[in-house]
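File shown here: start-v1.txt, holding compact mmCIF, C-alpha atoms and all ligand atoms.
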# COMPACT_ATOMS: atom_id res chain seq x y z
CA MET A 19 -27.75 5.96 1.44
CA THR A 20 -30.60 5.79 -1.07
CA HIS A 21 -31.01 2.79 -3.34
CA ALA A 22 -30.28 4.94 -6.41
CA THR A 23 -26.99 6.19 -4.95
CA ALA A 24 -25.96 2.67 -3.97
CA THR A 25 -26.70 1.40 -7.49
CA SER A 26 -24.79 4.17 -9.21
CA LYS A 27 -21.83 3.62 -6.84
CA LYS A 28 -21.86 -0.07 -7.73
CA GLN A 29 -22.03 0.79 -11.43
CA LYS A 30 -19.10 3.14 -11.09
CA ALA A 31 -17.08 0.49 -9.23
CA ARG A 32 -17.80 -1.96 -12.05
CA GLN A 33 -16.75 0.54 -14.73
CA ASP A 34 -13.62 1.19 -12.74
CA GLN A 35 -12.51 -2.42 -12.81
CA ALA A 36 -10.72 -4.00 -15.72
CA ARG A 37 -13.30 -5.29 -18.20
CA VAL A 38 -13.06 -9.02 -18.96
CA ILE A 39 -13.15 -9.65 -22.70
CA ASP A 40 -12.70 -12.73 -24.87
CA ARG A 41 -9.47 -13.88 -26.46
CA LYS A 42 -10.31 -12.57 -29.92
CA ALA A 43 -11.07 -9.09 -28.60
CA ALA A 44 -7.91 -9.22 -26.45
CA ASP A 45 -5.77 -10.12 -29.48
CA ALA A 46 -7.13 -7.05 -31.25
CA ILE A 47 -5.83 -4.69 -28.56
CA GLU A 48 -2.61 -3.12 -29.72
CA VAL A 49 -0.60 -1.25 -27.14
CA MET A 50 2.92 -0.21 -28.06
CA PRO A 51 4.95 0.49 -24.91
CA GLU A 52 7.27 3.47 -24.85
CA ARG A 53 10.57 3.79 -22.99
CA ARG A 54 10.41 6.90 -20.78
CA ASP A 55 13.58 8.09 -19.12
CA LEU A 56 12.06 9.42 -15.90
CA HIS A 57 13.76 10.11 -12.60
CA PHE A 58 11.95 10.53 -9.30
CA ASP A 59 13.41 12.54 -6.46
CA THR A 60 12.12 10.31 -3.70
CA PRO A 61 13.40 11.87 -0.47
CA ASP A 62 15.75 9.42 1.28
CA ASP A 63 14.78 10.68 4.72
CA ARG A 64 11.18 9.51 4.17
CA ILE A 65 12.11 5.93 3.17
CA LYS A 66 10.71 4.49 6.41
CA ASP A 67 7.49 6.46 6.61
CA TRP A 68 6.50 7.65 3.16
CA HIS A 69 3.21 5.77 2.90
CA GLY A 70 0.01 7.33 4.23
CA LEU A 71 -1.06 4.06 5.88
CA GLY A 72 1.98 4.10 8.16
CA PRO A 73 5.30 2.31 8.67
CA ASN A 74 4.06 -1.23 8.01
CA PHE A 75 2.53 -0.45 4.64
CA THR A 76 5.66 1.56 3.82
CA GLN A 77 7.73 -1.55 4.57
CA PHE A 78 5.39 -3.72 2.52
CA MET A 79 5.90 -1.51 -0.55
CA ASN A 80 9.63 -1.26 0.22
CA THR A 81 9.76 -5.07 0.34
CA LEU A 82 8.30 -5.26 -3.18
CA SER A 83 10.95 -2.81 -4.35
CA ILE A 84 13.71 -5.22 -3.24
CA PHE A 85 12.63 -7.74 -5.88
CA PHE A 86 12.78 -5.38 -8.84
CA PRO A 87 16.50 -4.94 -9.70
CA ALA A 88 17.20 -8.69 -9.96
CA GLY A 89 13.71 -9.54 -11.20
CA GLU A 90 13.67 -6.96 -13.97
CA ARG A 91 17.19 -7.99 -15.03
CA MET A 92 15.87 -11.53 -15.46
CA PHE A 93 12.86 -10.27 -17.47
CA ILE A 94 15.18 -8.28 -19.75
CA ASP A 95 17.58 -11.20 -20.31
CA ALA A 96 14.71 -13.65 -20.86
CA VAL A 97 13.03 -11.56 -23.56
CA ARG A 98 16.36 -10.62 -25.13
CA ALA A 99 17.28 -14.31 -25.45
CA TYR A 100 14.30 -14.78 -27.79
CA ARG A 101 14.30 -11.42 -29.55
CA ASP A 102 15.94 -12.62 -32.78
CA GLU A 103 13.32 -15.34 -33.14
CA ILE A 104 10.29 -13.04 -32.88
CA PRO A 105 8.61 -13.26 -36.29
CA ASP A 106 6.45 -10.14 -36.03
CA PRO A 107 8.27 -6.76 -36.46
CA ASP A 108 5.76 -4.93 -34.22
CA LEU A 109 6.28 -7.43 -31.43
CA LYS A 110 10.03 -7.11 -31.88
CA LYS A 111 9.65 -3.35 -31.47
CA ALA A 112 7.48 -3.88 -28.38
CA ALA A 113 10.10 -6.27 -26.95
CA THR A 114 12.77 -3.57 -27.33
CA ALA A 115 10.51 -1.05 -25.57
CA PHE A 116 9.77 -3.63 -22.85
CA ILE A 117 13.50 -4.03 -22.24
CA GLY A 118 13.89 -0.24 -22.13
CA GLN A 119 11.05 0.21 -19.64
CA GLU A 120 12.29 -2.51 -17.30
CA ALA A 121 15.80 -1.05 -17.43
CA MET A 122 14.42 2.34 -16.33
CA HIS A 123 12.39 0.75 -13.52
CA SER A 124 15.39 -1.18 -12.35
CA ARG A 125 17.57 1.95 -12.30
CA GLU A 126 15.05 3.83 -10.14
CA HIS A 127 14.54 0.89 -7.78
CA ILE A 128 18.30 0.43 -7.32
CA GLU A 129 18.45 3.99 -6.04
CA TYR A 130 15.33 3.50 -3.92
CA ASN A 131 16.79 0.32 -2.41
CA LYS A 132 20.06 2.10 -1.65
CA ALA A 133 18.12 4.60 0.45
CA MET A 134 16.71 1.64 2.41
CA ALA A 135 20.17 0.19 3.04
CA ASP A 136 21.48 3.62 4.10
CA ALA A 137 18.62 3.84 6.58
CA GLY A 138 19.67 0.58 8.23
CA LEU A 139 17.13 -1.71 6.55
CA PRO A 140 18.40 -5.14 5.35
CA ALA A 141 17.79 -4.31 1.67
CA GLU A 142 21.26 -5.32 0.43
CA GLU A 143 21.22 -8.79 1.98
CA LEU A 144 17.73 -9.49 0.70
CA ASP A 145 18.59 -8.14 -2.76
CA ARG A 146 21.62 -10.46 -2.86
CA PHE A 147 19.40 -13.42 -2.06
CA VAL A 148 17.05 -12.58 -4.98
CA TRP A 149 20.03 -12.23 -7.34
CA SER A 150 21.42 -15.64 -6.34
CA LEU A 151 18.04 -17.32 -6.80
CA LEU A 152 17.41 -15.76 -10.21
CA ASP A 153 21.01 -16.23 -11.36
CA PHE A 154 20.57 -19.93 -10.67
CA ILE A 155 17.47 -20.00 -12.91
CA LYS A 156 19.20 -18.03 -15.66
CA GLU A 157 22.51 -19.90 -15.61
CA LYS A 158 21.58 -23.47 -14.74
CA LEU A 159 18.19 -23.95 -16.39
CA PRO A 160 17.08 -23.73 -20.06
CA ARG A 161 16.19 -20.24 -21.31
CA GLN A 162 12.54 -21.27 -21.59
CA VAL A 163 12.36 -21.46 -17.77
CA SER A 164 13.44 -17.82 -17.48
CA LEU A 165 10.83 -16.72 -20.02
CA ASN A 166 8.22 -18.83 -18.25
CA ALA A 167 9.13 -17.23 -14.89
CA THR A 168 9.01 -13.83 -16.60
CA ILE A 169 5.47 -14.24 -17.94
CA ALA A 170 4.28 -15.55 -14.55
CA LEU A 171 5.88 -12.67 -12.65
CA GLU A 172 4.67 -10.17 -15.25
CA HIS A 173 1.18 -11.50 -14.51
CA PHE A 174 1.78 -10.53 -10.87
CA THR A 175 3.15 -7.09 -11.73
CA ALA A 176 0.17 -6.48 -14.03
CA LEU A 177 -2.26 -7.46 -11.26
CA MET A 178 -0.41 -5.45 -8.62
CA GLY A 179 -0.31 -2.50 -11.00
CA GLU A 180 -4.03 -2.77 -11.57
CA SER A 181 -4.58 -2.98 -7.77
CA LEU A 182 -2.85 0.34 -7.45
CA LEU A 183 -4.43 2.06 -10.45
CA ALA A 184 -7.93 0.91 -9.50
CA ASN A 185 -7.53 2.01 -5.86
CA PRO A 186 -5.42 5.18 -5.96
CA GLU A 187 -6.98 6.28 -2.66
CA VAL A 188 -4.74 3.70 -0.96
CA PHE A 189 -1.97 6.26 -1.51
CA ASP A 190 -3.85 9.09 0.16
CA GLY A 191 -1.57 10.95 2.54
CA SER A 192 1.58 9.42 1.02
CA GLN A 193 4.69 11.39 0.18
CA GLU A 194 4.15 12.69 -3.36
CA ASP A 195 7.40 11.59 -5.04
CA TYR A 196 7.05 8.01 -3.82
CA ARG A 197 3.41 7.94 -4.90
CA ARG A 198 4.36 9.24 -8.34
CA MET A 199 7.11 6.69 -8.78
CA TRP A 200 4.86 3.77 -7.91
CA MET A 201 2.09 5.08 -10.21
CA TRP A 202 4.61 5.35 -13.06
CA HIS A 203 5.76 1.79 -12.48
CA ALA A 204 2.15 0.53 -12.27
CA LEU A 205 1.23 2.31 -15.50
CA GLU A 206 4.20 0.97 -17.45
CA GLU A 207 3.64 -2.54 -16.09
CA THR A 208 0.12 -2.23 -17.49
CA GLU A 209 1.35 -0.84 -20.78
CA HIS A 210 3.77 -3.73 -21.41
CA LYS A 211 1.86 -6.50 -19.60
CA ALA A 212 1.35 -8.63 -22.72
CA VAL A 213 4.77 -8.24 -24.36
CA ALA A 214 6.64 -11.14 -22.70
CA PHE A 215 3.49 -13.25 -22.98
CA ASP A 216 3.24 -12.59 -26.72
CA VAL A 217 6.94 -13.42 -27.10
CA TRP A 218 6.25 -16.71 -25.31
CA GLU A 219 3.32 -17.57 -27.60
CA LYS A 220 5.21 -16.61 -30.78
CA THR A 221 8.39 -18.50 -29.91
CA VAL A 222 7.59 -21.30 -27.43
CA GLY A 223 4.03 -21.75 -28.69
CA ARG A 224 0.37 -21.87 -27.74
CA GLY A 225 -0.21 -25.62 -27.77
CA PRO A 226 -0.91 -28.05 -24.89
CA LEU A 227 2.77 -28.47 -23.97
CA ALA A 228 3.41 -24.71 -23.82
CA TYR A 229 0.21 -24.37 -21.79
CA ALA A 230 1.30 -27.10 -19.32
CA HIS A 231 4.66 -25.37 -18.84
CA ARG A 232 2.99 -21.99 -18.42
CA ILE A 233 0.64 -23.11 -15.64
CA VAL A 234 3.37 -25.03 -13.80
CA GLY A 235 5.37 -21.79 -14.07
CA LEU A 236 2.65 -19.73 -12.42
CA GLY A 237 2.25 -22.35 -9.69
CA ALA A 238 5.98 -22.31 -8.97
CA ALA A 239 6.21 -18.51 -9.14
CA THR A 240 3.32 -18.19 -6.69
CA ALA A 241 4.78 -20.77 -4.31
CA ILE A 242 8.19 -19.07 -4.32
CA PHE A 243 7.40 -15.36 -4.64
CA TRP A 244 4.72 -14.78 -2.00
CA PRO A 245 6.41 -16.69 0.86
CA LEU A 246 9.55 -14.68 0.08
CA VAL A 247 7.55 -11.42 0.18
CA ILE A 248 6.22 -12.39 3.63
CA ALA A 249 9.66 -13.42 4.93
CA PHE A 250 11.31 -10.25 3.57
CA TYR A 251 8.54 -8.05 4.94
CA ALA A 252 9.01 -9.63 8.39
CA GLN A 253 12.75 -8.87 8.26
CA MET A 254 12.18 -5.31 7.08
CA CYS A 255 9.67 -4.71 9.88
CA ALA A 256 11.96 -6.24 12.48
CA ALA A 257 14.61 -3.69 11.48
CA ASP A 258 12.24 -0.74 11.60
CA GLU A 259 11.46 1.08 14.80
CA GLY A 260 8.15 2.45 13.47
CA CYS A 261 6.86 -1.07 12.77
CA ARG A 262 8.05 -2.34 16.14
CA LYS A 263 6.15 0.47 17.82
CA ALA A 264 3.00 -0.19 15.76
CA GLY A 265 3.05 -3.87 16.83
CA TRP A 266 0.36 -6.24 15.56
CA ARG A 267 -1.94 -3.35 14.67
CA GLY A 268 0.54 -2.33 11.97
CA HIS A 269 0.46 -5.80 10.41
CA LEU A 270 -3.34 -5.79 10.56
CA THR A 271 -3.43 -2.56 8.54
CA VAL A 272 -1.42 -4.26 5.79
CA LEU A 273 -3.51 -7.43 5.92
CA ASN A 274 -6.75 -5.52 5.87
CA THR A 275 -5.72 -3.25 2.98
CA LEU A 276 -4.59 -6.22 0.88
CA LEU A 277 -7.12 -8.88 1.77
CA GLY A 278 -9.90 -7.26 3.82
CA LYS A 279 -11.23 -3.83 3.03
CA PRO A 280 -10.64 -2.43 0.42
CA GLY A 281 -8.85 -5.75 -0.27
CA VAL A 282 -6.80 -4.55 -3.22
CA PHE A 283 -5.17 -7.98 -3.71
CA ARG A 284 -8.28 -9.98 -2.80
CA LYS A 285 -10.10 -8.32 -5.70
CA GLN A 286 -7.39 -9.60 -8.07
CA ILE A 287 -7.77 -13.29 -7.17
CA PRO A 288 -10.20 -14.08 -10.05
CA ALA A 289 -7.81 -12.36 -12.47
CA TRP A 290 -4.90 -14.40 -11.06
CA LEU A 291 -6.91 -17.59 -11.68
CA ASP A 292 -7.67 -16.60 -15.28
CA TYR A 293 -4.05 -17.38 -16.13
CA PHE A 294 -4.95 -21.07 -15.84
CA LYS A 295 -7.39 -20.82 -18.75
CA TYR A 296 -6.09 -22.44 -21.92
CA SER A 297 -6.89 -19.37 -24.01
CA PHE A 298 -5.65 -16.79 -21.47
CA HIS A 299 -4.14 -13.52 -22.69
CA PRO A 300 -3.20 -10.55 -20.43
CA TRP A 301 -5.41 -8.12 -22.38
CA GLN A 302 -8.48 -10.22 -21.58
CA HIS A 303 -8.38 -8.01 -18.49
CA ASN A 304 -8.96 -4.92 -20.50
CA ASN A 305 -7.71 -2.02 -18.42
CA ALA A 306 -6.19 -0.11 -21.33
CA HIS A 307 -8.20 2.94 -20.27
CA ARG A 308 -5.81 3.36 -17.32
CA LEU A 309 -3.09 4.32 -19.78
CA GLU A 310 -4.85 7.61 -20.40
CA MET A 311 -3.20 8.75 -17.15
CA ILE A 312 0.36 8.35 -18.43
CA ASP A 313 0.76 11.67 -20.25
CA GLU A 314 -0.45 13.61 -17.23
CA LEU A 315 1.94 11.76 -14.94
CA VAL A 316 4.90 12.32 -17.28
CA ALA A 317 4.10 16.05 -17.49
CA GLU A 318 3.84 16.17 -13.69
CA ALA A 319 7.20 14.42 -13.27
CA ASP A 320 8.89 16.62 -15.91
CA ALA A 321 7.70 19.75 -14.12
CA ALA A 322 8.51 18.48 -10.63
CA TYR A 323 12.06 17.32 -11.40
CA ALA A 324 13.12 19.84 -14.06
CA ASN A 325 15.64 21.41 -11.69
CA SER A 326 16.55 18.25 -9.85
CA THR A 327 20.15 17.96 -8.73
CA LYS A 328 19.81 14.39 -7.57
CA HIS A 329 20.54 12.82 -10.96
FE FE B 401 9.01 -3.03 -14.13
FE FE B 402 7.21 -5.61 -16.27

Please rewrite the model in this file as structure tokens.
Amino acid sequence: MTHATATSKKQKARQDQARVIDRKAADAIEVMPERRDLHFDTPDDRIKDWHGLGPNFTQFMNTLSIFFPAGERMFIDAVRAYRDEIPDPDLKKAATAFIGQEAMHSREHIEYNKAMADAGLPAEELDRFVWSLLDFIKEKLPRQVSLNATIALEHFTALMGESLLANPEVFDGSQEDYRRMWMWHALEETEHKAVAFDVWEKTVGRGPLAYAHRIVGLGAATAIFWPLVIAFYAQMCAADEGCRKAGWRGHLTVLNTLLGKPGVFRKQIPAWLDYFKYSFHPWQHNNAHRLEMIDELVAEADAAYANSTKH
């Protein structure tokens, strides 16, 4: 490879990443999310092998799906609990759209997770565990804890969404309907990534106490969420013949994709850390240009599922 080609490749990679901007510039970004009632005809018979990287990566993505119905219900309830106190009418409108988007995601993931259970994967048991954990937070702890957990977990979904949007080649060779569904979710997570955060700042506050709560929240969310992902993934793989056959090589594929090369999660570590800055705002990672893809994806989905009988 010539030096010039290497430089231009590096430049392109840089342009492709979210641009880091300061708080003032981030506050000026106005993205109004939109509720889109989309269905995806993900074929149930491909639930165990839909991903191009093989059964283990399929089960990794399937594991993430298990968290969404209960998780998104908590996000909806947490934002709704503060909606009447939001002083800014535009943010109130964005909160309503946020609730609408998460409700649509949840609906699609419930169906997705049902296909897993029907295929003999332990999706129902694991889903029940997530519900009991989050119900405890919602019912036994002050509402601020739920909103705090929501903004921390929305930070994760924004980073995971960006991982996917910045590295779409990770989905090469994947079944098209599954790919489309995950792209849609990643795009909408990007579109509404600052809504719950803005609700937090406008209702709970931006001062030192709110900041202390927020960073403890991210610490707790990290310490609880990722070990659960690993434990759930292990159980999903244990129940899947394809993973058992792939053995340790299958796990290495997942590890390498996430943390090695291309390292889609590894690349997000600095962005994860940015949350600990006092003046953090989700749009400081300015990846708004990704949203240009939404219209194309919606048109694709409308055309693909116009005659769907599944819904
Ligand atoms: Fe979502
Ligand atoms: Fe979200």

Discussion item. Could you check the closest approach to ligand FE 402 (chain B) for each of A:Asp313, A:Glu52, A:Glu207, A:Glu129 and tell me which residue wins, using all atoms listed in the file?
Written reply: A:Glu207

Fill in: Expected answer as a ChimeraX atom specification: residues within 12 Å of ligand FE 401 (chain B), all atoms listed in the file
/A:53,82-83,85-94,115-127,168,171-176,178-179,199-211

Practice prompt. Using only C-alpha atoms, determine which residues lie at most 7 Å from Arg37 in chain A, disregarding the query and same-chain residues fewer than 4 positions distant; provide the list as a PyMOL selection string.
Written response: chain A and resi 303-305

Worksheet item: Between CA of Ser326 in chain A and CA of Glu194 in chain A, what is the distance, to one decimal in Å?
Response: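 So the two atoms, CA of Ser326 in chain A and CA of Glu194 in chain A, lie 15.1 Å apart.
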
Discussion item. Show me, as a ChimeraX atom specification, the residues that have an atom within 12 Å of range 265-278 of chain A when counting all atoms listed in the file, minus same-chain residues fewer than 2 positions from it.
Written reply: /A:69-79,178,181-182,185,187-189,248,251-252,255-256,258-263,280-287

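For the residues A:Leu56, A:Ala113, A:Ala184, A:Ala241, ranking by smallest atom-to-atom distance to ligand FE 402 (chain B) using all atoms listed in the file places A:Ala113 first.
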
Item to complete: Using all atoms listed in the file, pick whichever of A:Ile312, A:Val217, A:Val247, A:Ala238 has the shortest atom-to-atom distance to Glu103 in chain A.
Response: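 When distances to Glu103 in chain A are compared using all atoms listed in the file, the smallest one comes from A:Val217.
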
Worksheet entry | Contacts of Glu142 in chain A at 9 Å (all atoms listed in the file; same-chain gap of 4+ positions) as number ranges by chain | A: 84, 131-132, 134-135, 146-147

Item to complete: Choose the residue, out of A:Asn80, A:Ser297, A:Thr240, A:Ser192, that has the smallest atom-to-atom separation from Trp68 in chain A; count all atoms listed in the file.
Response: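 The closest residue to Trp68 in chain A is A:Ser192.
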
Item to complete: Go ahead and compute the interatomic distance for CA of Pro160 in chain A and CA of Ile233 in chain A, in Å to one decimal.
Response: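 Value for the CA of Pro160 in chain A-CA of Ile233 in chain A distance: 17.0 Å.
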
Discussion item. Just the number, please: distance in Å from CA of Phe298 in chain A to CA of His231 in chain A, one decimal.
Written reply: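 Computed distance, CA of Phe298 in chain A to CA of His231 in chain A, equals 13.7 Å.
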
Can I get N, CA and C atoms for range 159-192 of chain A, as a PDB file, in the first residue's frame?
ATOM      1  N   LEU A 159     -37.300   1.635  44.509  1.00  0.00           N
ATOM      2  CA  LEU A 159     -36.357   2.747  44.645  1.00  0.00           C
ATOM      3  C   LEU A 159     -36.985   4.046  44.101  1.00  0.00           C
ATOM      4  N   PRO A 160     -36.458   5.205  44.516  1.00  0.00           N
ATOM      5  CA  PRO A 160     -37.039   6.474  44.032  1.00  0.00           C
ATOM      6  C   PRO A 160     -36.977   6.574  42.501  1.00  0.00           C
ATOM      7  N   ARG A 161     -37.896   7.340  41.925  1.00  0.00           N
ATOM      8  CA  ARG A 161     -37.984   7.415  40.457  1.00  0.00           C
ATOM      9  C   ARG A 161     -36.693   7.949  39.828  1.00  0.00           C
ATOM     10  N   GLN A 162     -35.935   8.709  40.615  1.00  0.00           N
ATOM     11  CA  GLN A 162     -34.680   9.259  40.073  1.00  0.00           C
ATOM     12  C   GLN A 162     -33.695   8.137  39.723  1.00  0.00           C
ATOM     13  N   VAL A 163     -33.761   7.039  40.467  1.00  0.00           N
ATOM     14  CA  VAL A 163     -32.847   5.906  40.192  1.00  0.00           C
ATOM     15  C   VAL A 163     -33.169   5.307  38.818  1.00  0.00           C
ATOM     16  N   SER A 164     -34.450   5.203  38.516  1.00  0.00           N
ATOM     17  CA  SER A 164     -34.844   4.651  37.202  1.00  0.00           C
ATOM     18  C   SER A 164     -34.380   5.569  36.076  1.00  0.00           C
ATOM     19  N   LEU A 165     -34.517   6.875  36.272  1.00  0.00           N
ATOM     20  CA  LEU A 165     -34.083   7.807  35.217  1.00  0.00           C
ATOM     21  C   LEU A 165     -32.555   7.780  35.083  1.00  0.00           C
ATOM     22  N   ASN A 166     -31.891   7.637  36.226  1.00  0.00           N
ATOM     23  CA  ASN A 166     -30.434   7.552  36.228  1.00  0.00           C
ATOM     24  C   ASN A 166     -29.980   6.293  35.479  1.00  0.00           C
ATOM     25  N   ALA A 167     -30.635   5.161  35.770  1.00  0.00           N
ATOM     26  CA  ALA A 167     -30.310   3.907  35.072  1.00  0.00           C
ATOM     27  C   ALA A 167     -30.609   4.069  33.582  1.00  0.00           C
ATOM     28  N   THR A 168     -31.676   4.775  33.267  1.00  0.00           N
ATOM     29  CA  THR A 168     -32.059   4.976  31.863  1.00  0.00           C
ATOM     30  C   THR A 168     -30.988   5.759  31.110  1.00  0.00           C
ATOM     31  N   ILE A 169     -30.496   6.849  31.693  1.00  0.00           N
ATOM     32  CA  ILE A 169     -29.504   7.643  30.945  1.00  0.00           C
ATOM     33  C   ILE A 169     -28.181   6.878  30.820  1.00  0.00           C
ATOM     34  N   ALA A 170     -27.860   6.059  31.837  1.00  0.00           N
ATOM     35  CA  ALA A 170     -26.635   5.244  31.735  1.00  0.00           C
ATOM     36  C   ALA A 170     -26.790   4.191  30.633  1.00  0.00           C
ATOM     37  N   LEU A 171     -27.933   3.514  30.636  1.00  0.00           N
ATOM     38  CA  LEU A 171     -28.134   2.444  29.638  1.00  0.00           C
ATOM     39  C   LEU A 171     -28.350   3.020  28.237  1.00  0.00           C
ATOM     40  N   GLU A 172     -28.916   4.221  28.175  1.00  0.00           N
ATOM     41  CA  GLU A 172     -29.041   4.890  26.869  1.00  0.00           C
ATOM     42  C   GLU A 172     -27.658   5.284  26.340  1.00  0.00           C
ATOM     43  N   HIS A 173     -26.727   5.530  27.251  1.00  0.00           N
ATOM     44  CA  HIS A 173     -25.344   5.796  26.824  1.00  0.00           C
ATOM     45  C   HIS A 173     -24.798   4.527  26.150  1.00  0.00           C
ATOM     46  N   PHE A 174     -25.074   3.370  26.766  1.00  0.00           N
ATOM     47  CA  PHE A 174     -24.633   2.104  26.151  1.00  0.00           C
ATOM     48  C   PHE A 174     -25.301   1.881  24.799  1.00  0.00           C
ATOM     49  N   THR A 175     -26.616   2.092  24.731  1.00  0.00           N
ATOM     50  CA  THR A 175     -27.296   1.811  23.447  1.00  0.00           C
ATOM     51  C   THR A 175     -26.804   2.778  22.370  1.00  0.00           C
ATOM     52  N   ALA A 176     -26.490   4.019  22.773  1.00  0.00           N
ATOM     53  CA  ALA A 176     -25.955   4.981  21.788  1.00  0.00           C
ATOM     54  C   ALA A 176     -24.586   4.515  21.289  1.00  0.00           C
ATOM     55  N   LEU A 177     -23.753   4.031  22.207  1.00  0.00           N
ATOM     56  CA  LEU A 177     -22.409   3.578  21.814  1.00  0.00           C
ATOM     57  C   LEU A 177     -22.482   2.296  20.990  1.00  0.00           C
ATOM     58  N   MET A 178     -23.369   1.387  21.391  1.00  0.00           N
ATOM     59  CA  MET A 178     -23.521   0.144  20.626  1.00  0.00           C
ATOM     60  C   MET A 178     -24.093   0.452  19.243  1.00  0.00           C
ATOM     61  N   GLY A 179     -25.029   1.394  19.198  1.00  0.00           N
ATOM     62  CA  GLY A 179     -25.593   1.803  17.912  1.00  0.00           C
ATOM     63  C   GLY A 179     -24.523   2.377  17.003  1.00  0.00           C
ATOM     64  N   GLU A 180     -23.682   3.223  17.578  1.00  0.00           N
ATOM     65  CA  GLU A 180     -22.598   3.819  16.800  1.00  0.00           C
ATOM     66  C   GLU A 180     -21.612   2.740  16.336  1.00  0.00           C
ATOM     67  N   SER A 181     -21.355   1.740  17.184  1.00  0.00           N
ATOM     68  CA  SER A 181     -20.467   0.630  16.795  1.00  0.00           C
ATOM     69  C   SER A 181     -20.967  -0.025  15.518  1.00  0.00           C
ATOM     70  N   LEU A 182     -22.277  -0.180  15.482  1.00  0.00           N
ATOM     71  CA  LEU A 182     -22.887  -0.857  14.338  1.00  0.00           C
ATOM     72  C   LEU A 182     -22.909   0.037  13.085  1.00  0.00           C
ATOM     73  N   LEU A 183     -23.268   1.294  13.299  1.00  0.00           N
ATOM     74  CA  LEU A 183     -23.391   2.215  12.159  1.00  0.00           C
ATOM     75  C   LEU A 183     -22.023   2.562  11.572  1.00  0.00           C
ATOM     76  N   ALA A 184     -20.999   2.570  12.429  1.00  0.00           N
ATOM     77  CA  ALA A 184     -19.658   2.904  11.945  1.00  0.00           C
ATOM     78  C   ALA A 184     -18.963   1.710  11.303  1.00  0.00           C
ATOM     79  N   ASN A 185     -19.465   0.499  11.603  1.00  0.00           N
ATOM     80  CA  ASN A 185     -18.824  -0.716  11.069  1.00  0.00           C
ATOM     81  C   ASN A 185     -19.865  -1.628  10.426  1.00  0.00           C
ATOM     82  N   PRO A 186     -20.609  -1.122   9.439  1.00  0.00           N
ATOM     83  CA  PRO A 186     -21.697  -1.950   8.893  1.00  0.00           C
ATOM     84  C   PRO A 186     -21.205  -3.248   8.256  1.00  0.00           C
ATOM     85  N   GLU A 187     -19.899  -3.285   7.924  1.00  0.00           N
ATOM     86  CA  GLU A 187     -19.351  -4.505   7.304  1.00  0.00           C
ATOM     87  C   GLU A 187     -19.378  -5.699   8.261  1.00  0.00           C
ATOM     88  N   VAL A 188     -19.541  -5.418   9.562  1.00  0.00           N
ATOM     89  CA  VAL A 188     -19.661  -6.518  10.527  1.00  0.00           C
ATOM     90  C   VAL A 188     -20.896  -7.375  10.202  1.00  0.00           C
ATOM     91  N   PHE A 189     -21.858  -6.788   9.516  1.00  0.00           N
ATOM     92  CA  PHE A 189     -23.086  -7.507   9.158  1.00  0.00           C
ATOM     93  C   PHE A 189     -23.020  -8.152   7.770  1.00  0.00           C
ATOM     94  N   ASP A 190     -21.853  -8.095   7.155  1.00  0.00           N
ATOM     95  CA  ASP A 190     -21.728  -8.723   5.834  1.00  0.00           C
ATOM     96  C   ASP A 190     -22.099 -10.206   5.936  1.00  0.00           C
ATOM     97  N   GLY A 191     -22.892 -10.646   4.972  1.00  0.00           N
ATOM     98  CA  GLY A 191     -23.262 -12.066   4.941  1.00  0.00           C
ATOM     99  C   GLY A 191     -24.382 -12.423   5.898  1.00  0.00           C
ATOM    100  N   SER A 192     -24.961 -11.403   6.584  1.00  0.00           N
ATOM    101  CA  SER A 192     -26.053 -11.691   7.524  1.00  0.00           C
ATOM    102  C   SER A 192     -27.390 -11.732   6.793  1.00  0.00           C
TER     103      SER A 192
END
